[in-house]
Amino acid sequence: MDIAWMAWTWQTAVFFAAIAGLLALMTVLALVKPERERVGVLRIATTRGDRLFIALLGAAFINLAWLGLVGPSLWWALGLSLLYAAAVFRFV
Amino acid sequence: MNKTVNQKAWFLVLPVFVVVAFSAIVPLMTVVNYSVQDTFGNNQFFWNGVGWFQELLDPSTELGGRFFDALWRNLAFSAVILAIEIPLGIVVALSMPRHGWTVAFSLVVMALPLLIPWNVVGTIWQVFARGDIGLLGWVVNHLGVAYNYVLDPASAWITIVVMDVWHWTSLVALLCYAGLKSIPDAYYQAARIDGASRLAVFTTIQLPKMRRVLLIAVLLRFMDSFMIYTEPFVLTGGGPGNATTYVSIDLVKLALGQFDLGKAAAMSIVYNLVILAVCWVFYTVMVNADAEKKEVEA
């Protein structure tokens with residue numbers, strides 16, 4: 001099968017592998033440690049999956065904002081995203 | 001109530017997963033791959049890192065400028081049509097008959113615009129609004145108003161807004177009508193006994209009961225108008241100039257007109273993220289409005 005048209009790069013492959021890994025991890029967690037929804041600072045009931053979604057979507061906007069307002073060095077934005085994700089999983 | 005846990009059921013989801021993988025996940029991955037590279041065709045790609053995104057998010061560049069222009073234009077369009085369609089839909093729903101054969105008749109008439117394919121709607125209005133042979137354009141011009149949607153940006157905007165209102169107010173009205181139908185007669189009787197005014201009935205009975213359907217209507221109309229493509233493409237093609245070039249039209253110009261796949265991919269992703277975020281907010285608000293309602297009832 002020729003997948004040249006998909007134009008894979010190792011960077012995007014790592015990105016998608018990380019997302020797939022996170023989803024697999026969430027699946028395993030759901031089996032090993034079932035959970036209940038809880039209400040956090042946003043006053044909405046969220047599961048771990050919801051919090052992962054909020055963290056990822058927020059991370060995308062943090063990176064875009066960094067790129068638009070600061071510059072192309074995204075390591076700081078990545079760090080900020082991780083902090084944000086930790087906060088989301090702790091408080092939301 | 002205890003539900004039996006049966007994880008084997010997940011295998012039944014597998015066919016859907018395969019279909020979604022082919023129709024959405026693989027194309028989306030490809031778009032992400034394109035967004036960090038440049039190509040001149042022939043499956044040859046050159047790494048560009050976050051270059052396209054940087055250009056896209058900088059309004060002083062050509063790409064960023066047109067993206068932000070299209071984005072504000074699109075948001076303005078969505079705001080305008082929501083500001084017209086939602087109140088108008090409520091008014092129409094309130095004035096629709098509740099009993100008798102006129103109910104079925106008005107429902108069918110209301111549903112008609114919704115059944116017409118987008119490109120046909122565009123074509124209808126393109127002819128309808130023409131100054132030489134179109135009824136609307138001819139009449140307006142003969143009333144002494146300079147109106148030409150091909151040359152004048154204001155005319156083009158008005159035509160697209162009116163077209164969208166014509167096409168989609170029915171949806172809002174039908175949703176509101178469904179909400180109104182679910183109000184038991186006892187509510188109205190109680191209001192009459194209390195001597196409530198028409199306005200009080202609307203603000204304390206009808207509007208609260210329509211809240212949920214209105215949220216759905218706002219969500220649907222916002223998403224649809226924010227992703228609008230076919231109608232303005234057929235009617236104005238994004239012109240005059242770029243006056244009605246909304247984000248999706250600009251995206252197609254970039255991807256298929258200029259074949260700038262990298263730039264177009266970056267724009268798609270940012271566009272997609274904006275839509276995803278707005279969808280999530282609307283959805284969360286909707287689900288929570290529902291949960292609150294259940295709590296109040298319980």
# chains A, B, ... in the order shown; residues from 1 in each chain; ligands from 1
call {"tool": "closest_atom_pairs", "arguments": {"of": "chain B", "to": "chain A", "cutoff": "6 Å", "atoms": "only C-alpha atoms", "output": "Markdown table"}}
result
| residue | atom | partner | partner_atom | distance |
| --- | --- | --- | --- | --- |
| B:Thr30 | CA | A:Met6 | CA | 4.9 |
| B:Asn33 | CA | A:Trp8 | CA | 5.8 |
| B:Asn43 | CA | A:Trp5 | CA | 5.7 |
| B:Gln54 | CA | A:Leu67 | CA | 5.9 |
| B:Leu57 | CA | A:Gly68 | CA | 5.0 |
call {"tool": "write_last_selection", "arguments": {"atoms": "N, CA and C atoms", "output": "short mmCIF file (atom, residue, chain, number, x, y, z; two decimals), in the first residue's frame"}}
result
data_model
loop_
_atom_site.label_atom_id
_atom_site.label_comp_id
_atom_site.auth_asym_id
_atom_site.auth_seq_id
_atom_site.Cartn_x
_atom_site.Cartn_y
_atom_site.Cartn_z
N THR B 30 -3.87 13.34 7.51
CA THR B 30 -3.20 13.83 6.32
C THR B 30 -3.14 15.35 6.32
N ASN B 33 -0.49 16.39 8.59
CA ASN B 33 0.81 16.18 7.95
C ASN B 33 1.11 17.28 6.93
N ASN B 43 3.72 14.27 -4.88
CA ASN B 43 4.00 13.63 -3.59
C ASN B 43 5.38 13.97 -3.04
N GLN B 54 2.50 30.03 11.83
CA GLN B 54 3.00 31.33 12.24
C GLN B 54 2.54 32.41 11.27
N LEU B 57 -1.22 33.09 11.71
CA LEU B 57 -1.65 33.79 12.91
C LEU B 57 -1.10 35.21 12.96
#
call {"tool": "residues_around", "arguments": {"residues": "Tyr34 of chain B", "least_positions_apart": "3", "cutoff": "12 Å", "atoms": "only C-alpha atoms", "output": "MDAnalysis selection string"}}
result
(chainID A and resid 4:9 11:12) or (chainID B and resid 27:31 37:41 43:53 255 259:269)
call {"tool": "atom_distance", "arguments": {"atom1": "atom CA of Phe77 of chain B", "atom2": "atom CA of Arg211 of chain B"}}
result
23.3 Å
call {"tool": "residues_around", "arguments": {"residues": "Gly89 of chain B", "least_positions_apart": "3", "cutoff": "10 Å", "atoms": "only C-alpha atoms", "output": "PyMOL selection string"}}
result
chain B and resi 84-86+92-95+165+168-177+214+217
call {"tool": "write_last_selection", "arguments": {"atoms": "C-alpha atoms", "output": "PDB file, in the first residue's frame"}}
result
ATOM      1  CA  ILE B  84     -32.464  38.119  12.844  1.00  0.00           C
ATOM      2  CA  GLU B  85     -33.396  34.445  12.688  1.00  0.00           C
ATOM      3  CA  ILE B  86     -33.811  33.688  16.389  1.00  0.00           C
ATOM      4  CA  VAL B  92     -43.293  33.055  13.676  1.00  0.00           C
ATOM      5  CA  ALA B  93     -43.679  30.113  16.071  1.00  0.00           C
ATOM      6  CA  LEU B  94     -45.869  32.184  18.400  1.00  0.00           C
ATOM      7  CA  SER B  95     -48.141  33.190  15.543  1.00  0.00           C
ATOM      8  CA  VAL B 165     -32.989  34.154   6.728  1.00  0.00           C
ATOM      9  CA  TRP B 168     -33.292  28.842   7.800  1.00  0.00           C
ATOM     10  CA  THR B 169     -35.767  30.869   9.863  1.00  0.00           C
ATOM     11  CA  SER B 170     -38.172  27.967   9.346  1.00  0.00           C
ATOM     12  CA  LEU B 171     -35.854  25.698  11.264  1.00  0.00           C
ATOM     13  CA  VAL B 172     -35.801  28.038  14.266  1.00  0.00           C
ATOM     14  CA  ALA B 173     -39.573  28.503  14.010  1.00  0.00           C
ATOM     15  CA  LEU B 174     -40.249  24.763  13.836  1.00  0.00           C
ATOM     16  CA  LEU B 175     -37.982  24.071  16.810  1.00  0.00           C
ATOM     17  CA  CYS B 176     -39.668  26.822  18.828  1.00  0.00           C
ATOM     18  CA  TYR B 177     -43.065  25.542  17.766  1.00  0.00           C
ATOM     19  CA  LEU B 214     -33.595  27.738  21.454  1.00  0.00           C
ATOM     20  CA  ALA B 217     -31.439  26.396  17.347  1.00  0.00           C
TER      21      ALA B 217
END
call {"tool": "atom_distance", "arguments": {"atom1": "atom CA of Pro34 of chain A", "atom2": "atom CA of Ile19 of chain A"}}
result
20.9 Å
call {"tool": "residues_around", "arguments": {"residues": "Tyr283 of chain B", "least_positions_apart": "2", "cutoff": "12 Å", "atoms": "only C-alpha atoms", "output": "VMD selection string"}}
result
(chain A and resid 44) or (chain B and resid 212 215 to 220 223 275 to 281 285 to 290)
call {"tool": "write_last_selection", "arguments": {"atoms": "N, CA and C atoms", "output": "tab-separated table (two decimals), in the first residue's frame"}}
result
chain	number	residue	atom	x	y	z
A	44	ILE	N	-19.40	21.95	35.92
A	44	ILE	CA	-19.99	20.96	35.02
A	44	ILE	C	-19.47	19.60	35.43
B	212	ARG	N	-34.49	25.25	25.92
B	212	ARG	CA	-33.67	24.16	25.40
B	212	ARG	C	-33.68	24.11	23.87
B	215	LEU	N	-31.58	26.87	22.51
B	215	LEU	CA	-30.15	26.58	22.56
B	215	LEU	C	-29.74	25.73	21.36
B	216	ILE	N	-30.58	24.71	21.08
B	216	ILE	CA	-30.29	23.86	19.92
B	216	ILE	C	-30.32	24.69	18.65
B	217	ALA	N	-31.32	25.57	18.55
B	217	ALA	CA	-31.44	26.40	17.35
B	217	ALA	C	-30.22	27.30	17.18
B	218	VAL	N	-29.79	27.92	18.28
B	218	VAL	CA	-28.63	28.81	18.20
B	218	VAL	C	-27.39	28.01	17.80
B	219	LEU	N	-27.23	26.83	18.42
B	219	LEU	CA	-26.07	26.00	18.09
B	219	LEU	C	-26.08	25.61	16.61
B	220	LEU	N	-27.21	25.11	16.15
B	220	LEU	CA	-27.30	24.67	14.76
B	220	LEU	C	-27.06	25.81	13.79
B	223	MET	N	-23.35	27.05	13.91
B	223	MET	CA	-22.40	26.16	13.24
B	223	MET	C	-22.60	26.21	11.73
B	275	ILE	N	-14.14	25.80	15.59
B	275	ILE	CA	-15.46	25.17	15.55
B	275	ILE	C	-15.62	24.16	16.69
B	276	LEU	N	-14.57	23.39	16.91
B	276	LEU	CA	-14.61	22.39	17.98
B	276	LEU	C	-14.83	23.05	19.34
B	277	ALA	N	-14.12	24.15	19.57
B	277	ALA	CA	-14.24	24.84	20.86
B	277	ALA	C	-15.66	25.40	21.03
B	278	VAL	N	-16.17	26.04	19.98
B	278	VAL	CA	-17.51	26.62	20.09
B	278	VAL	C	-18.55	25.52	20.30
B	279	CYS	N	-18.40	24.43	19.55
B	279	CYS	CA	-19.30	23.29	19.69
B	279	CYS	C	-19.29	22.77	21.11
B	280	TRP	N	-18.10	22.63	21.67
B	280	TRP	CA	-17.98	22.08	23.00
B	280	TRP	C	-18.68	22.98	24.01
B	281	VAL	N	-18.46	24.29	23.88
B	281	VAL	CA	-19.09	25.23	24.80
B	281	VAL	C	-20.61	25.11	24.70
B	285	VAL	N	-23.10	23.70	27.65
B	285	VAL	CA	-24.17	24.55	28.17
B	285	VAL	C	-25.51	23.84	28.03
B	286	MET	N	-25.71	23.20	26.88
B	286	MET	CA	-26.97	22.52	26.59
B	286	MET	C	-27.20	21.36	27.56
B	287	VAL	N	-26.18	20.52	27.69
B	287	VAL	CA	-26.30	19.35	28.56
B	287	VAL	C	-26.52	19.78	30.01
B	288	ASN	N	-25.84	20.85	30.43
B	288	ASN	CA	-25.98	21.28	31.81
B	288	ASN	C	-27.30	21.96	32.07
B	289	ALA	N	-27.82	22.67	31.08
B	289	ALA	CA	-29.15	23.24	31.23
B	289	ALA	C	-30.14	22.12	31.48
B	290	ASP	N	-29.93	21.02	30.79
B	290	ASP	CA	-30.79	19.84	30.93
B	290	ASP	C	-30.64	19.24	32.31
call {"tool": "select_by_dssp", "arguments": {"residues": "segment 10-183 of chain B", "states": "alpha helix (DSSP H)", "output": "PyMOL selection string"}}
result
chain B and resi 14-20+26-35+51-56+62-95+101-115+118-128+135-142+153-181
call {"tool": "write_last_selection", "arguments": {"atoms": "C-alpha atoms", "output": "CSV table (one decimal), in the first residue's frame"}}
result
chain,number,residue,atom,x,y,z
B,14,LEU,CA,-15.7,-1.8,15.3
B,15,PRO,CA,-17.4,-1.4,11.9
B,16,VAL,CA,-18.3,2.2,12.7
B,17,PHE,CA,-14.7,2.8,13.9
B,18,VAL,CA,-13.4,1.5,10.6
B,19,VAL,CA,-15.7,3.7,8.6
B,20,VAL,CA,-14.9,6.8,10.6
B,26,VAL,CA,-7.1,9.3,8.0
B,27,PRO,CA,-8.0,12.5,6.1
B,28,LEU,CA,-7.5,14.5,9.3
B,29,MET,CA,-4.1,13.0,9.9
B,30,THR,CA,-3.2,13.8,6.3
B,31,VAL,CA,-4.3,17.4,6.8
B,32,VAL,CA,-2.1,17.6,9.9
B,33,ASN,CA,0.8,16.2,7.9
B,34,TYR,CA,0.3,18.7,5.1
B,35,SER,CA,0.1,21.6,7.6
B,51,GLY,CA,5.9,28.1,9.5
B,52,TRP,CA,2.4,28.1,8.0
B,53,PHE,CA,0.7,28.4,11.4
B,54,GLN,CA,3.0,31.3,12.2
B,55,GLU,CA,2.2,33.0,9.0
B,56,LEU,CA,-1.5,32.3,9.4
B,62,GLU,CA,-0.8,37.9,3.2
B,63,LEU,CA,-2.1,34.6,4.6
B,64,GLY,CA,-2.8,35.9,8.1
B,65,GLY,CA,-4.5,39.0,6.8
B,66,ARG,CA,-6.9,37.2,4.6
B,67,PHE,CA,-7.6,34.5,7.3
B,68,PHE,CA,-8.4,37.0,10.0
B,69,ASP,CA,-10.5,39.1,7.5
B,70,ALA,CA,-12.5,36.0,6.5
B,71,LEU,CA,-12.8,35.0,10.2
B,72,TRP,CA,-14.2,38.4,11.3
B,73,ARG,CA,-16.4,38.5,8.2
B,74,ASN,CA,-17.8,35.1,9.0
B,75,LEU,CA,-18.3,35.9,12.7
B,76,ALA,CA,-20.1,39.1,11.7
B,77,PHE,CA,-22.3,37.1,9.3
B,78,SER,CA,-23.2,34.5,12.0
B,79,ALA,CA,-24.0,37.3,14.5
B,80,VAL,CA,-26.2,39.1,12.0
B,81,ILE,CA,-28.2,36.0,10.9
B,82,LEU,CA,-28.6,34.9,14.6
B,83,ALA,CA,-29.8,38.3,15.6
B,84,ILE,CA,-32.5,38.1,12.8
B,85,GLU,CA,-33.4,34.4,12.7
B,86,ILE,CA,-33.8,33.7,16.4
B,87,PRO,CA,-36.3,36.5,17.3
B,88,LEU,CA,-38.0,36.1,13.9
B,89,GLY,CA,-38.3,32.4,14.4
B,90,ILE,CA,-39.8,32.9,17.9
B,91,VAL,CA,-42.4,35.4,16.5
B,92,VAL,CA,-43.3,33.1,13.7
B,93,ALA,CA,-43.7,30.1,16.1
B,94,LEU,CA,-45.9,32.2,18.4
B,95,SER,CA,-48.1,33.2,15.5
B,101,TRP,CA,-56.0,21.8,9.6
B,102,THR,CA,-54.0,25.0,9.4
B,103,VAL,CA,-51.4,23.4,11.6
B,104,ALA,CA,-50.4,20.8,9.0
B,105,PHE,CA,-50.6,23.4,6.3
B,106,SER,CA,-48.3,25.9,8.0
B,107,LEU,CA,-45.9,23.1,9.0
B,108,VAL,CA,-45.5,22.0,5.4
B,109,VAL,CA,-45.1,25.6,4.1
B,110,MET,CA,-42.5,26.3,6.8
B,111,ALA,CA,-40.6,23.1,6.0
B,112,LEU,CA,-40.4,23.9,2.2
B,113,PRO,CA,-37.3,26.1,2.3
B,114,LEU,CA,-35.5,23.5,4.4
B,115,LEU,CA,-36.0,20.8,1.8
B,118,TRP,CA,-28.1,24.6,-0.8
B,119,ASN,CA,-26.9,25.0,-4.3
B,120,VAL,CA,-30.4,25.4,-5.6
B,121,VAL,CA,-31.1,28.0,-2.9
B,122,GLY,CA,-28.1,29.9,-4.2
B,123,THR,CA,-29.2,29.6,-7.8
B,124,ILE,CA,-32.8,30.7,-6.9
B,125,TRP,CA,-31.5,33.8,-5.2
B,126,GLN,CA,-28.9,34.5,-7.9
B,127,VAL,CA,-31.7,34.7,-10.5
B,128,PHE,CA,-34.3,36.3,-8.1
B,135,LEU,CA,-38.1,39.8,-9.7
B,136,LEU,CA,-36.5,41.1,-6.5
B,137,GLY,CA,-33.6,43.0,-8.2
B,138,TRP,CA,-35.8,44.5,-10.9
B,139,VAL,CA,-38.4,45.7,-8.4
B,140,VAL,CA,-35.9,47.2,-6.0
B,141,ASN,CA,-34.1,48.9,-8.8
B,142,HIS,CA,-37.3,50.3,-10.2
B,153,PRO,CA,-20.6,44.8,-1.3
B,154,ALA,CA,-23.6,46.1,0.7
B,155,SER,CA,-26.0,44.6,-1.8
B,156,ALA,CA,-24.2,41.3,-1.8
B,157,TRP,CA,-24.2,41.1,2.0
B,158,ILE,CA,-27.9,42.0,2.2
B,159,THR,CA,-28.8,39.4,-0.4
B,160,ILE,CA,-26.8,36.6,1.4
B,161,VAL,CA,-28.3,37.6,4.8
B,162,VAL,CA,-31.9,37.7,3.4
B,163,MET,CA,-31.2,34.4,1.6
B,164,ASP,CA,-30.1,32.7,4.8
B,165,VAL,CA,-33.0,34.2,6.7
B,166,TRP,CA,-35.4,32.8,4.1
B,167,HIS,CA,-33.7,29.4,4.1
B,168,TRP,CA,-33.3,28.8,7.8
B,169,THR,CA,-35.8,30.9,9.9
B,170,SER,CA,-38.2,28.0,9.3
B,171,LEU,CA,-35.9,25.7,11.3
B,172,VAL,CA,-35.8,28.0,14.3
B,173,ALA,CA,-39.6,28.5,14.0
B,174,LEU,CA,-40.2,24.8,13.8
B,175,LEU,CA,-38.0,24.1,16.8
B,176,CYS,CA,-39.7,26.8,18.8
B,177,TYR,CA,-43.1,25.5,17.8
B,178,ALA,CA,-42.2,22.1,19.1
B,179,GLY,CA,-41.1,23.7,22.4
B,180,LEU,CA,-44.4,25.7,22.6
B,181,LYS,CA,-46.4,22.5,21.8
call {"tool": "residues_around", "arguments": {"residues": "Tyr84 of chain A", "least_positions_apart": "3", "cutoff": "9 Å", "atoms": "only C-alpha atoms", "output": "JSON, numbers by chain"}}
result
{"A": [55, 58, 59, 79, 80, 81, 87, 88, 89]}
call {"tool": "select_by_dssp", "arguments": {"residues": "segment 5-66 of chain A", "states": "strand (DSSP E or B)", "output": "list in words"}}
result
Arg38, Val39, Ala45 and Thr46 of chain A
call {"tool": "residues_around", "arguments": {"residues": "Leu151 of chain B", "least_positions_apart": "3", "cutoff": "9 Å", "atoms": "only C-alpha atoms", "output": "ChimeraX atom specification"}}
result
/B:147-148,155-156,239-241
call {"tool": "atom_distance", "arguments": {"atom1": "atom CA of Gly49 of chain A", "atom2": "atom CA of Val274 of chain B"}}
result
20.0 Å
call {"tool": "decode", "arguments": {"residues": "chain A", "atoms": "C-alpha atoms", "output": "PDB file, in the first residue's frame"}}
result
ATOM      1  CA  MET A   1       0.000   0.000   0.000  1.00  0.00           C
ATOM      2  CA  ASP A   2       1.402   3.335  -1.033  1.00  0.00           C
ATOM      3  CA  ILE A   3       0.772   6.011   1.548  1.00  0.00           C
ATOM      4  CA  ALA A   4       3.116   8.645   0.134  1.00  0.00           C
ATOM      5  CA  TRP A   5       0.127  10.960  -0.358  1.00  0.00           C
ATOM      6  CA  MET A   6      -0.360  11.068   3.398  1.00  0.00           C
ATOM      7  CA  ALA A   7       3.019  12.773   3.634  1.00  0.00           C
ATOM      8  CA  TRP A   8       3.988  11.384   7.034  1.00  0.00           C
ATOM      9  CA  THR A   9       6.788  12.991   8.987  1.00  0.00           C
ATOM     10  CA  TRP A  10       8.242  11.558  12.170  1.00  0.00           C
ATOM     11  CA  GLN A  11       7.112  14.667  14.058  1.00  0.00           C
ATOM     12  CA  THR A  12       3.450  14.248  13.179  1.00  0.00           C
ATOM     13  CA  ALA A  13       3.752  10.490  13.728  1.00  0.00           C
ATOM     14  CA  VAL A  14       5.019  11.128  17.256  1.00  0.00           C
ATOM     15  CA  PHE A  15       2.155  13.565  17.806  1.00  0.00           C
ATOM     16  CA  PHE A  16      -0.499  11.062  16.739  1.00  0.00           C
ATOM     17  CA  ALA A  17       1.199   8.211  18.588  1.00  0.00           C
ATOM     18  CA  ALA A  18       1.053  10.352  21.738  1.00  0.00           C
ATOM     19  CA  ILE A  19      -2.670  11.006  21.235  1.00  0.00           C
ATOM     20  CA  ALA A  20      -3.329   7.317  20.533  1.00  0.00           C
ATOM     21  CA  GLY A  21      -1.265   6.409  23.602  1.00  0.00           C
ATOM     22  CA  LEU A  22      -3.310   8.788  25.750  1.00  0.00           C
ATOM     23  CA  LEU A  23      -6.553   7.264  24.458  1.00  0.00           C
ATOM     24  CA  ALA A  24      -5.247   3.745  25.140  1.00  0.00           C
ATOM     25  CA  LEU A  25      -4.184   4.832  28.613  1.00  0.00           C
ATOM     26  CA  MET A  26      -7.647   6.255  29.283  1.00  0.00           C
ATOM     27  CA  THR A  27      -9.210   2.982  28.145  1.00  0.00           C
ATOM     28  CA  VAL A  28      -7.009   0.934  30.453  1.00  0.00           C
ATOM     29  CA  LEU A  29      -7.690   3.348  33.317  1.00  0.00           C
ATOM     30  CA  ALA A  30     -11.419   3.085  32.699  1.00  0.00           C
ATOM     31  CA  LEU A  31     -11.170  -0.696  33.058  1.00  0.00           C
ATOM     32  CA  VAL A  32      -8.769  -0.806  35.977  1.00  0.00           C
ATOM     33  CA  LYS A  33     -10.077   2.204  37.921  1.00  0.00           C
ATOM     34  CA  PRO A  34     -13.694   2.909  37.006  1.00  0.00           C
ATOM     35  CA  GLU A  35     -14.731   6.434  37.931  1.00  0.00           C
ATOM     36  CA  ARG A  36     -17.727   8.633  38.509  1.00  0.00           C
ATOM     37  CA  GLU A  37     -18.395  12.059  37.061  1.00  0.00           C
ATOM     38  CA  ARG A  38     -17.478  14.915  39.333  1.00  0.00           C
ATOM     39  CA  VAL A  39     -18.224  18.635  39.384  1.00  0.00           C
ATOM     40  CA  GLY A  40     -15.265  21.005  39.522  1.00  0.00           C
ATOM     41  CA  VAL A  41     -14.541  24.711  39.155  1.00  0.00           C
ATOM     42  CA  LEU A  42     -16.388  24.936  35.837  1.00  0.00           C
ATOM     43  CA  ARG A  43     -19.511  23.649  37.656  1.00  0.00           C
ATOM     44  CA  ILE A  44     -19.992  20.965  35.024  1.00  0.00           C
ATOM     45  CA  ALA A  45     -19.892  17.223  35.549  1.00  0.00           C
ATOM     46  CA  THR A  46     -16.771  15.817  33.902  1.00  0.00           C
ATOM     47  CA  THR A  47     -15.184  12.418  33.511  1.00  0.00           C
ATOM     48  CA  ARG A  48     -11.470  11.802  32.941  1.00  0.00           C
ATOM     49  CA  GLY A  49     -12.193  11.669  29.209  1.00  0.00           C
ATOM     50  CA  ASP A  50     -13.890  15.085  29.325  1.00  0.00           C
ATOM     51  CA  ARG A  51     -10.934  16.496  31.191  1.00  0.00           C
ATOM     52  CA  LEU A  52      -8.516  15.032  28.648  1.00  0.00           C
ATOM     53  CA  PHE A  53     -10.536  16.665  25.866  1.00  0.00           C
ATOM     54  CA  ILE A  54     -10.532  20.038  27.641  1.00  0.00           C
ATOM     55  CA  ALA A  55      -6.801  19.713  28.281  1.00  0.00           C
ATOM     56  CA  LEU A  56      -5.990  18.837  24.648  1.00  0.00           C
ATOM     57  CA  LEU A  57      -8.232  21.513  23.149  1.00  0.00           C
ATOM     58  CA  GLY A  58      -6.839  24.080  25.557  1.00  0.00           C
ATOM     59  CA  ALA A  59      -3.300  22.978  24.739  1.00  0.00           C
ATOM     60  CA  ALA A  60      -3.986  23.556  21.044  1.00  0.00           C
ATOM     61  CA  PHE A  61      -5.121  27.121  21.741  1.00  0.00           C
ATOM     62  CA  ILE A  62      -2.211  27.760  24.119  1.00  0.00           C
ATOM     63  CA  ASN A  63       0.209  26.701  21.370  1.00  0.00           C
ATOM     64  CA  LEU A  64      -1.588  28.786  18.735  1.00  0.00           C
ATOM     65  CA  ALA A  65      -1.640  31.817  21.034  1.00  0.00           C
ATOM     66  CA  TRP A  66       2.066  31.385  21.777  1.00  0.00           C
ATOM     67  CA  LEU A  67       2.800  31.114  18.083  1.00  0.00           C
ATOM     68  CA  GLY A  68       0.773  34.208  17.268  1.00  0.00           C
ATOM     69  CA  LEU A  69       1.815  36.405  20.197  1.00  0.00           C
ATOM     70  CA  VAL A  70       5.294  35.266  21.232  1.00  0.00           C
ATOM     71  CA  GLY A  71       7.167  33.270  18.601  1.00  0.00           C
ATOM     72  CA  PRO A  72       7.867  29.956  16.942  1.00  0.00           C
ATOM     73  CA  SER A  73       9.690  28.339  19.888  1.00  0.00           C
ATOM     74  CA  LEU A  74       6.915  26.157  21.221  1.00  0.00           C
ATOM     75  CA  TRP A  75       8.703  24.354  24.064  1.00  0.00           C
ATOM     76  CA  TRP A  76       7.526  26.971  26.550  1.00  0.00           C
ATOM     77  CA  ALA A  77       4.016  26.643  25.169  1.00  0.00           C
ATOM     78  CA  LEU A  78       4.253  22.880  25.607  1.00  0.00           C
ATOM     79  CA  GLY A  79       5.318  23.347  29.230  1.00  0.00           C
ATOM     80  CA  LEU A  80       2.459  25.774  29.755  1.00  0.00           C
ATOM     81  CA  SER A  81       0.069  23.261  28.181  1.00  0.00           C
ATOM     82  CA  LEU A  82       1.258  20.545  30.558  1.00  0.00           C
ATOM     83  CA  LEU A  83       0.722  22.861  33.529  1.00  0.00           C
ATOM     84  CA  TYR A  84      -2.706  23.714  32.184  1.00  0.00           C
ATOM     85  CA  ALA A  85      -3.504  20.007  31.674  1.00  0.00           C
ATOM     86  CA  ALA A  86      -2.433  19.235  35.235  1.00  0.00           C
ATOM     87  CA  ALA A  87      -4.683  22.045  36.492  1.00  0.00           C
ATOM     88  CA  VAL A  88      -7.581  20.754  34.393  1.00  0.00           C
ATOM     89  CA  PHE A  89      -7.206  17.209  35.720  1.00  0.00           C
ATOM     90  CA  ARG A  90      -6.912  18.496  39.289  1.00  0.00           C
ATOM     91  CA  PHE A  91      -9.606  21.184  39.435  1.00  0.00           C
ATOM     92  CA  VAL A  92     -12.118  20.823  36.579  1.00  0.00           C
TER      93      VAL A  92
END
